[in-house]
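What follows is input14.pdb (PDB, C-alpha atoms).
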```pdb
ATOM      1  CA  MET A   3    -104.258 -78.843 -45.280
ATOM      2  CA  LYS A   4    -104.082 -79.553 -41.588
ATOM      3  CA  ARG A   5    -100.736 -81.316 -42.090
ATOM      4  CA  LEU A   6     -99.367 -78.327 -43.931
ATOM      5  CA  ASN A   7    -100.572 -75.982 -41.221
ATOM      6  CA  PHE A   8     -98.928 -78.170 -38.635
ATOM      7  CA  LYS A   9     -95.545 -77.909 -40.334
ATOM      8  CA  LYS A  10     -95.812 -74.154 -40.434
ATOM      9  CA  LYS A  11     -96.516 -74.028 -36.735
ATOM     10  CA  TYR A  12     -93.653 -76.426 -36.056
ATOM     11  CA  LEU A  13     -91.158 -74.420 -38.010
ATOM     12  CA  ALA A  14     -92.233 -71.222 -36.310
ATOM     13  CA  GLY A  15     -91.820 -72.829 -32.937
ATOM     14  CA  ALA A  16     -88.338 -74.155 -33.751
ATOM     15  CA  LEU A  17     -87.236 -70.729 -34.929
ATOM     16  CA  ALA A  18     -88.532 -69.141 -31.753
ATOM     17  CA  ALA A  19     -86.640 -71.680 -29.670
ATOM     18  CA  GLY A  20     -83.458 -70.930 -31.589
ATOM     19  CA  LEU A  21     -83.790 -67.261 -30.951
ATOM     20  CA  ILE A  22     -84.290 -67.854 -27.275
ATOM     21  CA  MET A  23     -81.239 -70.122 -27.123
ATOM     22  CA  GLY A  24     -79.158 -67.551 -28.966
ATOM     23  CA  ALA A  25     -80.216 -64.821 -26.611
ATOM     24  CA  GLY A  26     -79.366 -67.013 -23.659
ATOM     25  CA  GLY A  27     -75.838 -67.583 -25.054
ATOM     26  CA  LEU A  28     -75.032 -63.851 -24.909
ATOM     27  CA  ALA A  29     -75.560 -63.626 -21.188
ATOM     28  CA  ALA A  30     -72.111 -64.723 -19.740
ATOM     29  CA  ALA A  31     -70.989 -64.143 -16.179
ATOM     30  CA  PHE A  32     -67.368 -62.979 -15.392
ATOM     31  CA  PHE A  33     -65.182 -62.280 -12.360
ATOM     32  CA  GLY A  34     -62.836 -59.299 -12.010
ATOM     33  CA  VAL A  35     -59.087 -60.169 -11.810
ATOM     34  CA  SER A  36     -55.789 -58.308 -11.779
ATOM     35  CA  GLY A  37     -52.431 -59.122 -13.440
ATOM     36  CA  SER A  38     -48.913 -57.902 -14.182
ATOM     37  CA  GLY A  39     -45.949 -58.705 -16.457
ATOM     38  CA  SER A  40     -42.954 -57.267 -18.328
ATOM     39  CA  ALA A  41     -41.476 -57.190 -21.830
ATOM     40  CA  THR A  42     -38.618 -55.527 -23.779
ATOM     41  CA  ALA A  43     -38.402 -53.831 -27.171
ATOM     42  CA  LYS A  44     -35.091 -53.741 -29.108
ATOM     43  CA  THR A  45     -33.898 -50.640 -30.903
ATOM     44  CA  GLY A  46     -31.690 -50.743 -33.980
ATOM     45  CA  HIS A  47     -28.154 -49.385 -34.043
ATOM     46  CA  ALA A  48     -27.115 -46.365 -36.066
ATOM     47  CA  THR A  49     -25.420 -47.348 -39.348
ATOM     48  CA  ASP A  50     -22.725 -45.000 -40.597
ATOM     49  CA  VAL A  51     -23.189 -43.791 -44.156
ATOM     50  CA  LYS A  52     -20.391 -43.716 -46.718
ATOM     51  CA  ILE A  53     -19.592 -40.431 -48.463
ATOM     52  CA  GLU A  54     -17.619 -40.605 -51.707
ATOM     53  CA  SER A  55     -16.858 -38.176 -54.494
ATOM     54  CA  VAL A  56     -18.899 -38.257 -57.681
ATOM     55  CA  GLY A  57     -16.790 -37.622 -60.742
ATOM     56  CA  ALA A  58     -15.555 -38.976 -64.017
ATOM     57  CA  GLY A  59     -14.065 -42.412 -64.446
ATOM     58  CA  TYR A  60     -13.736 -41.816 -68.178
ATOM     59  CA  ASP A  61     -13.946 -38.439 -69.919
ATOM     60  CA  SER A  62     -13.377 -37.431 -73.536
ATOM     61  CA  LEU A  63     -15.879 -34.535 -73.614
ATOM     62  CA  LEU A  64     -14.556 -31.113 -74.602
ATOM     63  CA  ALA A  65     -15.570 -27.733 -73.208
ATOM     64  CA  PRO A  66     -18.059 -25.938 -75.511
ATOM     65  CA  SER A  67     -15.680 -23.117 -76.397
ATOM     66  CA  THR A  68     -17.127 -22.999 -79.936
ATOM     67  CA  PRO A  69     -20.329 -24.339 -81.485
ATOM     68  CA  ASP A  70     -18.307 -27.483 -82.315
ATOM     69  CA  PRO A  71     -14.991 -27.873 -80.460
ATOM     70  CA  TYR A  72     -14.462 -31.373 -81.884
ATOM     71  CA  SER A  73     -12.174 -32.010 -84.829
ATOM     72  CA  GLY A  74     -14.110 -34.992 -86.138
ATOM     73  CA  SER A  75     -17.401 -36.874 -86.017
ATOM     74  CA  LEU A  76     -18.782 -40.190 -87.186
ATOM     75  CA  CYS A  77     -22.176 -40.692 -88.800
ATOM     76  CA  PHE A  78     -24.437 -43.673 -88.298
ATOM     77  CA  VAL A  79     -26.354 -45.618 -90.978
ATOM     78  CA  ALA A  80     -25.721 -43.090 -93.756
ATOM     79  CA  CYS A  81     -21.962 -43.748 -93.729
ATOM     80  CA  ASP A  82     -20.893 -47.265 -92.833
ATOM     81  CA  GLN A  83     -24.311 -48.883 -92.414
ATOM     82  CA  ASN A  84     -23.609 -49.065 -88.690
ATOM     83  CA  SER A  85     -26.600 -48.663 -86.424
ATOM     84  CA  GLU A  86     -24.574 -48.319 -83.245
ATOM     85  CA  ILE A  87     -21.306 -46.557 -82.361
ATOM     86  CA  GLY A  88     -19.293 -46.977 -79.187
ATOM     87  CA  ASP A  89     -15.975 -48.008 -77.736
ATOM     88  CA  ALA A  90     -14.243 -50.111 -75.131
ATOM     89  CA  VAL A  91     -13.657 -48.251 -71.873
ATOM     90  CA  SER A  92     -11.171 -48.568 -69.050
ATOM     91  CA  MET A  93     -12.288 -46.594 -66.009
ATOM     92  CA  THR A  94      -9.878 -44.805 -63.683
ATOM     93  CA  THR A  95     -10.299 -46.805 -60.498
ATOM     94  CA  ALA A  96      -8.539 -49.453 -58.449
ATOM     95  CA  THR A  97     -11.735 -51.477 -57.990
ATOM     96  CA  SER A  98     -12.898 -54.263 -60.285
ATOM     97  CA  TYR A  99     -16.320 -52.693 -60.856
ATOM     98  CA  VAL A 100     -17.959 -49.301 -60.315
ATOM     99  CA  GLN A 101     -21.430 -47.799 -59.946
ATOM    100  CA  LEU A 102     -22.350 -45.271 -62.626
ATOM    101  CA  THR A 103     -24.215 -42.067 -61.770
ATOM    102  CA  SER A 104     -24.549 -40.646 -65.297
ATOM    103  CA  VAL A 105     -23.354 -41.005 -68.882
ATOM    104  CA  THR A 106     -23.107 -38.060 -71.293
ATOM    105  CA  VAL A 107     -22.789 -38.439 -75.072
ATOM    106  CA  ALA A 108     -21.899 -35.552 -77.421
ATOM    107  CA  LEU A 109     -23.814 -35.430 -80.719
ATOM    108  CA  VAL A 110     -23.018 -33.058 -83.594
ATOM    109  CA  ASN A 111     -25.752 -31.749 -85.888
ATOM    110  CA  PHE A 112     -25.102 -30.530 -89.434
ATOM    111  CA  GLY A 113     -28.789 -29.961 -90.231
ATOM    112  CA  THR A 114     -32.108 -28.830 -88.829
ATOM    113  CA  ALA A 115     -33.209 -29.350 -85.236
ATOM    114  CA  LYS A 116     -34.883 -32.690 -84.643
ATOM    115  CA  ALA A 117     -36.141 -34.760 -81.728
ATOM    116  CA  LEU A 118     -34.362 -38.094 -81.629
ATOM    117  CA  SER A 119     -34.602 -41.143 -79.408
ATOM    118  CA  VAL A 120     -31.065 -41.822 -78.226
ATOM    119  CA  THR A 121     -30.310 -45.286 -76.848
ATOM    120  CA  LEU A 122     -27.361 -46.188 -74.640
ATOM    121  CA  HIS A 123     -26.232 -49.803 -74.377
ATOM    122  CA  LEU A 124     -23.854 -50.874 -71.597
ATOM    123  CA  THR A 125     -22.383 -54.326 -72.090
ATOM    124  CA  GLY A 126     -20.435 -56.088 -69.374
ATOM    125  CA  GLY A 127     -21.068 -55.811 -65.656
ATOM    126  CA  PRO A 128     -21.514 -57.888 -62.497
ATOM    127  CA  ASN A 129     -25.311 -57.639 -62.859
ATOM    128  CA  GLY A 130     -25.499 -58.030 -66.634
ATOM    129  CA  ASN A 131     -26.184 -55.553 -69.453
ATOM    130  CA  TYR A 132     -28.269 -52.363 -69.530
ATOM    131  CA  THR A 133     -30.231 -50.410 -72.129
ATOM    132  CA  PHE A 134     -31.545 -46.876 -71.609
ATOM    133  CA  THR A 135     -33.421 -44.643 -74.072
ATOM    134  CA  LYS A 136     -34.363 -40.969 -73.897
ATOM    135  CA  THR A 137     -35.800 -38.507 -76.391
ATOM    136  CA  GLN A 138     -34.034 -35.187 -76.771
ATOM    137  CA  THR A 139     -34.088 -32.332 -79.267
ATOM    138  CA  ILE A 140     -30.766 -32.064 -81.089
ATOM    139  CA  ALA A 141     -30.000 -28.386 -81.721
ATOM    140  CA  ALA A 142     -29.796 -27.173 -85.318
ATOM    141  CA  GLY A 143     -26.500 -26.555 -87.065
ATOM    142  CA  THR A 144     -25.103 -26.141 -90.555
ATOM    143  CA  SER A 145     -22.223 -27.638 -92.486
ATOM    144  CA  ALA A 146     -20.232 -24.513 -91.634
ATOM    145  CA  THR A 147     -21.214 -24.215 -87.948
ATOM    146  CA  GLN A 148     -21.942 -27.651 -86.587
ATOM    147  CA  LYS A 149     -23.778 -27.549 -83.258
ATOM    148  CA  VAL A 150     -23.044 -29.895 -80.345
ATOM    149  CA  THR A 151     -25.769 -31.249 -78.052
ATOM    150  CA  ASN A 152     -24.813 -33.195 -74.932
ATOM    151  CA  VAL A 153     -27.275 -35.991 -74.127
ATOM    152  CA  THR A 154     -27.086 -37.071 -70.483
ATOM    153  CA  PHE A 155     -28.498 -40.296 -69.068
ATOM    154  CA  THR A 156     -29.068 -39.971 -65.296
ATOM    155  CA  LEU A 157     -28.408 -43.327 -63.634
ATOM    156  CA  ALA A 158     -27.833 -42.525 -59.952
ATOM    157  CA  THR A 159     -31.011 -44.259 -58.732
ATOM    158  CA  LYS A 160     -30.903 -47.179 -61.180
ATOM    159  CA  GLY A 161     -28.196 -49.304 -59.566
ATOM    160  CA  VAL A 162     -25.996 -49.556 -62.679
ATOM    161  CA  PHE A 163     -22.710 -51.386 -62.112
ATOM    162  CA  VAL A 164     -20.084 -52.056 -64.801
ATOM    163  CA  TRP A 165     -16.706 -53.727 -64.833
ATOM    164  CA  SER A 166     -13.915 -51.172 -64.810
ATOM    165  CA  THR A 167     -11.608 -53.083 -67.159
ATOM    166  CA  SER A 168     -11.869 -52.606 -70.913
ATOM    167  CA  THR A 169     -11.833 -56.339 -71.645
ATOM    168  CA  LYS A 170     -15.207 -56.713 -69.912
ATOM    169  CA  PHE A 171     -16.984 -53.400 -70.559
ATOM    170  CA  HIS A 172     -17.977 -51.482 -73.654
ATOM    171  CA  TYR A 173     -20.786 -49.133 -74.600
ATOM    172  CA  GLY A 174     -22.785 -48.337 -77.705
ATOM    173  CA  VAL A 175     -24.976 -45.418 -78.798
ATOM    174  CA  SER A 176     -27.757 -45.738 -81.357
ATOM    175  CA  LEU A 177     -30.359 -43.313 -82.771
ATOM    176  CA  THR A 178     -33.769 -43.495 -84.381
ATOM    177  CA  SER A 179     -33.811 -43.733 -88.187
ATOM    178  CA  ASN A 180     -34.131 -39.969 -88.617
ATOM    179  CA  THR A 181     -30.410 -39.385 -88.186
ATOM    180  CA  SER A 182     -29.707 -37.224 -91.234
ATOM    181  CA  GLY A 183     -27.079 -34.662 -90.285
ATOM    182  CA  VAL A 184     -26.523 -36.027 -86.753
ATOM    183  CA  ASN A 185     -23.161 -37.625 -85.957
ATOM    184  CA  ILE A 186     -21.439 -38.704 -82.774
ATOM    185  CA  ALA A 187     -18.654 -36.265 -81.888
ATOM    186  CA  LEU A 188     -15.080 -37.545 -81.888
ATOM    187  CA  ALA A 189     -12.312 -36.263 -79.634
ATOM    188  CA  LYS A 190      -8.638 -36.765 -80.307
ATOM    189  CA  ARG A 191      -7.180 -39.569 -78.269
ATOM    190  CA  THR A 192      -4.763 -37.050 -76.725
ATOM    191  CA  GLN A 193      -7.804 -35.101 -75.437
ATOM    192  CA  LEU A 194      -8.967 -38.058 -73.333
ATOM    193  CA  THR A 195      -8.405 -36.643 -69.841
ATOM    194  CA  ILE A 196      -9.633 -39.419 -67.534
ATOM    195  CA  GLY A 197      -9.620 -43.161 -68.191
ATOM    196  CA  SER A 198      -8.396 -44.857 -71.342
ATOM    197  CA  SER A 199      -9.521 -46.620 -74.519
ATOM    198  CA  PRO A 200      -6.836 -49.282 -74.834
ATOM    199  CA  THR A 201      -8.265 -51.058 -77.873
ATOM    200  CA  HIS A 202      -7.594 -48.060 -80.162
ATOM    201  CA  GLU A 203     -10.653 -48.982 -82.178
ATOM    202  CA  VAL A 204     -14.144 -47.614 -82.557
ATOM    203  CA  TRP A 205     -16.815 -50.210 -81.799
ATOM    204  CA  LEU A 206     -19.578 -50.503 -84.397
ATOM    205  CA  ASP A 207     -22.724 -52.567 -84.763
ATOM    206  CA  HIS A 208     -23.013 -53.216 -88.477
ATOM    207  CA  ALA A 209     -26.305 -54.250 -90.007
ATOM    208  CA  GLY A 210     -26.430 -58.037 -89.935
ATOM    209  CA  GLY A 211     -23.456 -58.268 -87.594
ATOM    210  CA  GLY A 212     -22.636 -58.074 -83.931
ATOM    211  CA  PHE A 213     -21.302 -55.252 -81.811
ATOM    212  CA  LYS A 214     -17.532 -55.516 -82.190
ATOM    213  CA  ALA A 215     -14.329 -53.597 -82.704
ATOM    214  CA  THR A 216     -14.243 -52.587 -86.351
ATOM    215  CA  THR A 217     -11.830 -50.683 -88.540
ATOM    216  CA  VAL A 218     -13.746 -47.740 -89.990
ATOM    217  CA  THR A 219     -13.252 -46.466 -93.516
ATOM    218  CA  TRP A 220     -11.016 -43.481 -92.718
ATOM    219  CA  THR A 221      -7.394 -44.116 -91.845
ATOM    220  CA  THR A 222      -7.193 -41.625 -88.958
ATOM    221  CA  ALA A 223      -9.845 -43.464 -86.939
ATOM    222  CA  THR A 224      -7.358 -44.787 -84.404
ATOM    223  CA  ASN A 225      -6.461 -41.196 -83.446
ATOM    224  CA  PHE A 226     -10.006 -40.480 -82.221
ATOM    225  CA  VAL A 227     -12.517 -41.749 -79.677
ATOM    226  CA  PRO A 228     -16.243 -40.956 -79.308
ATOM    227  CA  ALA A 229     -16.870 -37.983 -77.026
ATOM    228  CA  VAL A 230     -18.468 -39.370 -73.876
ATOM    229  CA  GLU A 231     -18.219 -39.005 -70.116
ATOM    230  CA  PHE A 232     -18.910 -41.731 -67.566
ATOM    231  CA  ASN A 233     -19.493 -40.377 -64.064
ATOM    232  CA  MET A 234     -19.288 -42.824 -61.189
ATOM    233  CA  VAL A 235     -19.193 -43.163 -57.428
ATOM    234  CA  GLY A 236     -15.601 -42.536 -56.409
ATOM    235  CA  GLY A 237     -14.773 -40.789 -59.692
ATOM    236  CA  ARG A 238     -12.414 -37.869 -60.166
ATOM    237  CA  VAL A 239     -13.277 -34.194 -59.929
ATOM    238  CA  GLY A 240     -11.608 -32.202 -62.648
ATOM    239  CA  PRO A 241      -9.376 -32.166 -64.516
ATOM    240  CA  LEU A 242      -7.602 -29.404 -62.584
ATOM    241  CA  TYR A 243      -5.071 -27.046 -64.186
ATOM    242  CA  PRO A 244      -3.087 -24.179 -62.619
ATOM    243  CA  GLY A 245      -5.188 -21.029 -62.895
ATOM    244  CA  ALA A 246      -8.186 -22.804 -64.470
ATOM    245  CA  PRO A 247     -11.705 -22.185 -63.098
ATOM    246  CA  ALA A 248     -12.641 -24.041 -59.934
ATOM    247  CA  MET A 249     -14.479 -27.332 -60.430
ATOM    248  CA  PRO A 250     -17.668 -28.179 -58.496
ATOM    249  CA  VAL A 251     -17.479 -30.983 -55.962
ATOM    250  CA  ALA A 252     -20.381 -33.441 -55.802
ATOM    251  CA  TYR A 253     -20.591 -36.517 -53.634
ATOM    252  CA  ALA A 254     -22.627 -39.666 -53.173
ATOM    253  CA  VAL A 255     -24.061 -40.787 -49.838
ATOM    254  CA  THR A 256     -24.529 -44.537 -49.543
ATOM    255  CA  ASN A 257     -26.792 -45.560 -46.678
ATOM    256  CA  PRO A 258     -26.401 -49.304 -45.979
ATOM    257  CA  GLY A 259     -29.071 -49.292 -43.264
ATOM    258  CA  ALA A 260     -32.714 -50.255 -43.442
ATOM    259  CA  THR A 261     -34.061 -46.809 -42.468
ATOM    260  CA  GLY A 262     -33.206 -43.174 -43.080
ATOM    261  CA  ALA A 263     -29.911 -41.685 -41.877
ATOM    262  CA  HIS A 264     -29.640 -37.971 -41.132
ATOM    263  CA  LEU A 265     -26.652 -35.750 -41.872
ATOM    264  CA  THR A 266     -26.543 -32.237 -40.494
ATOM    265  CA  THR A 267     -23.289 -31.075 -42.112
ATOM    266  CA  VAL A 268     -20.599 -32.347 -44.490
ATOM    267  CA  SER A 269     -17.019 -31.094 -44.666
ATOM    268  CA  THR A 270     -14.720 -31.429 -47.703
ATOM    269  CA  ALA A 271     -10.949 -31.362 -47.326
ATOM    270  CA  LEU A 272      -7.780 -32.399 -49.137
ATOM    271  CA  GLY A 273      -6.518 -35.882 -48.369
ATOM    272  CA  THR A 274      -2.888 -36.968 -48.302
ATOM    273  CA  LEU A 275      -1.411 -35.614 -51.513
ATOM    274  CA  PRO A 276       0.833 -37.704 -53.758
ATOM    275  CA  THR A 277       4.547 -37.018 -53.889
ATOM    276  CA  GLY A 278       5.330 -33.874 -55.868
ATOM    277  CA  CYS A 279       2.086 -32.061 -55.025
ATOM    278  CA  GLN A 280       1.906 -29.282 -52.433
ATOM    279  CA  SER A 281      -1.225 -28.503 -50.440
ATOM    280  CA  THR A 282      -0.656 -24.772 -51.050
ATOM    281  CA  TRP A 283      -1.219 -25.396 -54.765
ATOM    282  CA  PHE A 284      -4.906 -26.161 -54.161
ATOM    283  CA  ALA A 285      -7.836 -24.314 -52.664
ATOM    284  CA  ILE A 286     -11.245 -25.573 -51.565
ATOM    285  CA  TYR A 287     -13.911 -22.878 -51.727
ATOM    286  CA  GLY A 288     -17.255 -22.753 -49.999
ATOM    287  CA  THR A 289     -18.317 -22.825 -46.362
ATOM    288  CA  GLN A 290     -16.824 -25.795 -44.539
ATOM    289  CA  PRO A 291     -18.628 -27.604 -43.170
ATOM    290  CA  HIS A 292     -21.663 -26.845 -45.292
ATOM    291  CA  THR A 293     -25.157 -27.460 -43.992
ATOM    292  CA  VAL A 294     -26.991 -30.492 -45.366
ATOM    293  CA  ASP A 295     -29.727 -31.166 -42.771
ATOM    294  CA  ARG A 296     -31.139 -34.015 -44.813
ATOM    295  CA  THR A 297     -32.347 -37.554 -44.223
ATOM    296  CA  PHE A 298     -30.901 -40.026 -46.707
ATOM    297  CA  PRO A 299     -32.977 -43.114 -47.551
ATOM    298  CA  PRO A 300     -31.394 -46.563 -47.844
ATOM    299  CA  GLY A 301     -29.232 -46.895 -50.945
ATOM    300  CA  LEU A 302     -27.407 -44.287 -52.993
ATOM    301  CA  THR A 303     -28.166 -40.549 -53.124
ATOM    302  CA  VAL A 304     -26.114 -38.148 -55.245
ATOM    303  CA  VAL A 305     -25.727 -34.643 -53.805
ATOM    304  CA  THR A 306     -24.984 -31.855 -56.292
ATOM    305  CA  ASN A 307     -24.936 -28.070 -55.922
ATOM    306  CA  THR A 308     -23.043 -28.438 -52.659
ATOM    307  CA  GLY A 309     -21.522 -24.960 -52.895
ATOM    308  CA  THR A 310     -18.059 -26.532 -52.650
ATOM    309  CA  THR A 311     -15.467 -26.183 -55.412
ATOM    310  CA  ILE A 312     -11.785 -27.041 -55.781
ATOM    311  CA  ALA A 313      -9.149 -25.241 -57.821
ATOM    312  CA  MET A 314      -5.465 -25.651 -58.631
ATOM    313  CA  LEU A 315      -3.702 -22.361 -58.028
ATOM    314  CA  THR A 316      -0.976 -20.806 -60.145
ATOM    315  CA  LYS A 317       2.303 -20.560 -58.234
ATOM    316  CA  PRO A 318       5.612 -18.938 -59.246
ATOM    317  CA  VAL A 319       7.258 -22.351 -59.394
ATOM    318  CA  THR A 320       7.223 -25.303 -61.767
ATOM    319  CA  GLN A 321       4.195 -27.451 -60.953
ATOM    320  CA  ASP A 322       4.947 -30.243 -63.402
ATOM    321  CA  SER A 323       5.667 -32.630 -60.535
ATOM    322  CA  CYS A 324       1.921 -32.637 -59.824
ATOM    323  CA  ALA A 325       0.814 -33.211 -63.423
ATOM    324  CA  ASN A 326      -1.561 -36.126 -64.067
ATOM    325  CA  ALA A 327      -1.883 -36.823 -60.333
ATOM    326  CA  ALA A 328      -4.929 -38.037 -58.435
ATOM    327  CA  ILE A 329      -5.778 -35.477 -55.751
ATOM    328  CA  PRO A 330      -7.662 -37.205 -52.913
ATOM    329  CA  LEU A 331     -10.604 -35.552 -51.171
ATOM    330  CA  THR A 332     -12.037 -36.535 -47.806
ATOM    331  CA  PHE A 333     -15.625 -36.043 -46.648
ATOM    332  CA  THR A 334     -16.776 -35.901 -43.047
ATOM    333  CA  GLY A 335     -20.458 -35.928 -42.202
ATOM    334  CA  THR A 336     -22.023 -35.272 -38.810
ATOM    335  CA  PRO A 337     -24.076 -36.577 -37.221
ATOM    336  CA  SER A 338     -25.174 -39.848 -38.763
ATOM    337  CA  VAL A 339     -28.083 -41.258 -36.792
ATOM    338  CA  THR A 340     -30.885 -43.638 -37.607
ATOM    339  CA  MET A 341     -34.212 -41.840 -37.818
TER
END
```
Go ahead and render the structure in this file as structure tokens.
Amino acid sequence: MKRLNFKKKYLAGALAAGLIMGAGGLAAAFFGVSGSGSATAKTGHATDVKIESVGAGYDSLLAPSTPDPYSGSLCFVACDQNSEIGDAVSMTTATSYVQLTSVTVALVNFGTAKALSVTLHLTGGPNGNYTFTKTQTIAAGTSATQKVTNVTFTLATKGVFVWSTSTKFHYGVSLTSNTSGVNIALAKRTQLTIGSSPTHEVWLDHAGGGFKATTVTWTTATNFVPAVEFNMVGGRVGPLYPGAPAMPVAYAVTNPGATGAHLTTVSTALGTLPTGCQSTWFAIYGTQPHTVDRTFPPGLTVVTNTGTTIAMLTKPVTQDSCANAAIPLTFTGTPSVTM
């Protein structure tokens, strides 16, 4: 028992010594000194943004002048056992690839309203293929008054790039199984206003087969194309016709910098017109410059509802020399500074 008591006393003494040593370690002496030095901090440089028009690179949609302005439509599984309908597309651009901002598909309904999942497949691009799906209610129609519903896929923030040549790019549209009465609208090939479909074939994905150009069962198929619109950075505003309503002008701001870039105003003007077109045949409406006062993050931002429109005016002269021309627009933003 004495030995055990001795150990307890020893341990208590060692602990006390440790505490005393620890307390002694906290008491450090110091001397006051002075010092000086210098350094530099580097600021970044302002990176100019790029402002380009947003418009169609391919457009076979028709204005909704009637419940169904289209002269034909093509059904999905119920007709040719095809689960997907599309086409090859050649975009109107001089570049090898383009960035899409939206895709709109026109569907025709012969029956009751129904919510469908609509899937868009884009095949062929510098970054590979894309698939997008959205659910939308398709408005009701009847066999006598077919109703058109435009389904729009918004892609501006998704970084979607596709080749602009038809040999490398095609699209397909598919629906959920509940497709009774819903077809994809078909426009006449002569109603294709922007871009082209050089293959003259409708692309189908047959059950058990691949997505490929296929001859459909009706002989007039080569006279029609699916009604779709591909909007892209650098696309065309329009089409413009003498005396037709003014078309809204939207644009895309691409900020290549690492931080926000601020624009106070943006001006829209006509560029150098092609031979045969006169500047007095066109009018740009809306306050110029218009106030933006917005900071644009790195990457692409699409600006709509700009208040700017463009129209082709009716003149008492023949304006055929300006038919099917590309009317350039220029955008000037100020200032562009790194925030």
Exercise. What would the list of residues within 9 Å of (-24.1, -43.1, -50.5) (file frame) look like as a PyMOL selection string, if all atoms listed in the file are what count?
Worked result: chain A and resi 51-54+235+253-258+298+300-304
Exercise. Please, what distance in Å, to one decimal, runs between atom CA of Gly161 of chain A and atom CA of Pro250 of chain A?
Worked result: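 Interatomic distance here is 23.6 Å.
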For this session: Around the point (-30.9, -34.4, -46.3) in the file's coordinates, collect all residues with an atom within 12 Å, using only C-alpha atoms, and return them as a PyMOL selection string.
Result: chain A and resi 254-255+257+262-268+292-299+303-306+308+335-338+341
Problem set entry | Residues matched by the PyMOL selection byres ((chain A and resi 184) around 10), written as an NGL selection string | :A and (75-78 or 80 or 109-116 or 118 or 140-143 or 148-151 or 177 or 180-183 or 185-187)
For this session: Kindly give the distance, in Å, that separates atom CA of Leu194 of chain A and atom CA of Leu63 of chain A, rounded to a single decimal.
Result: 7.8 Å
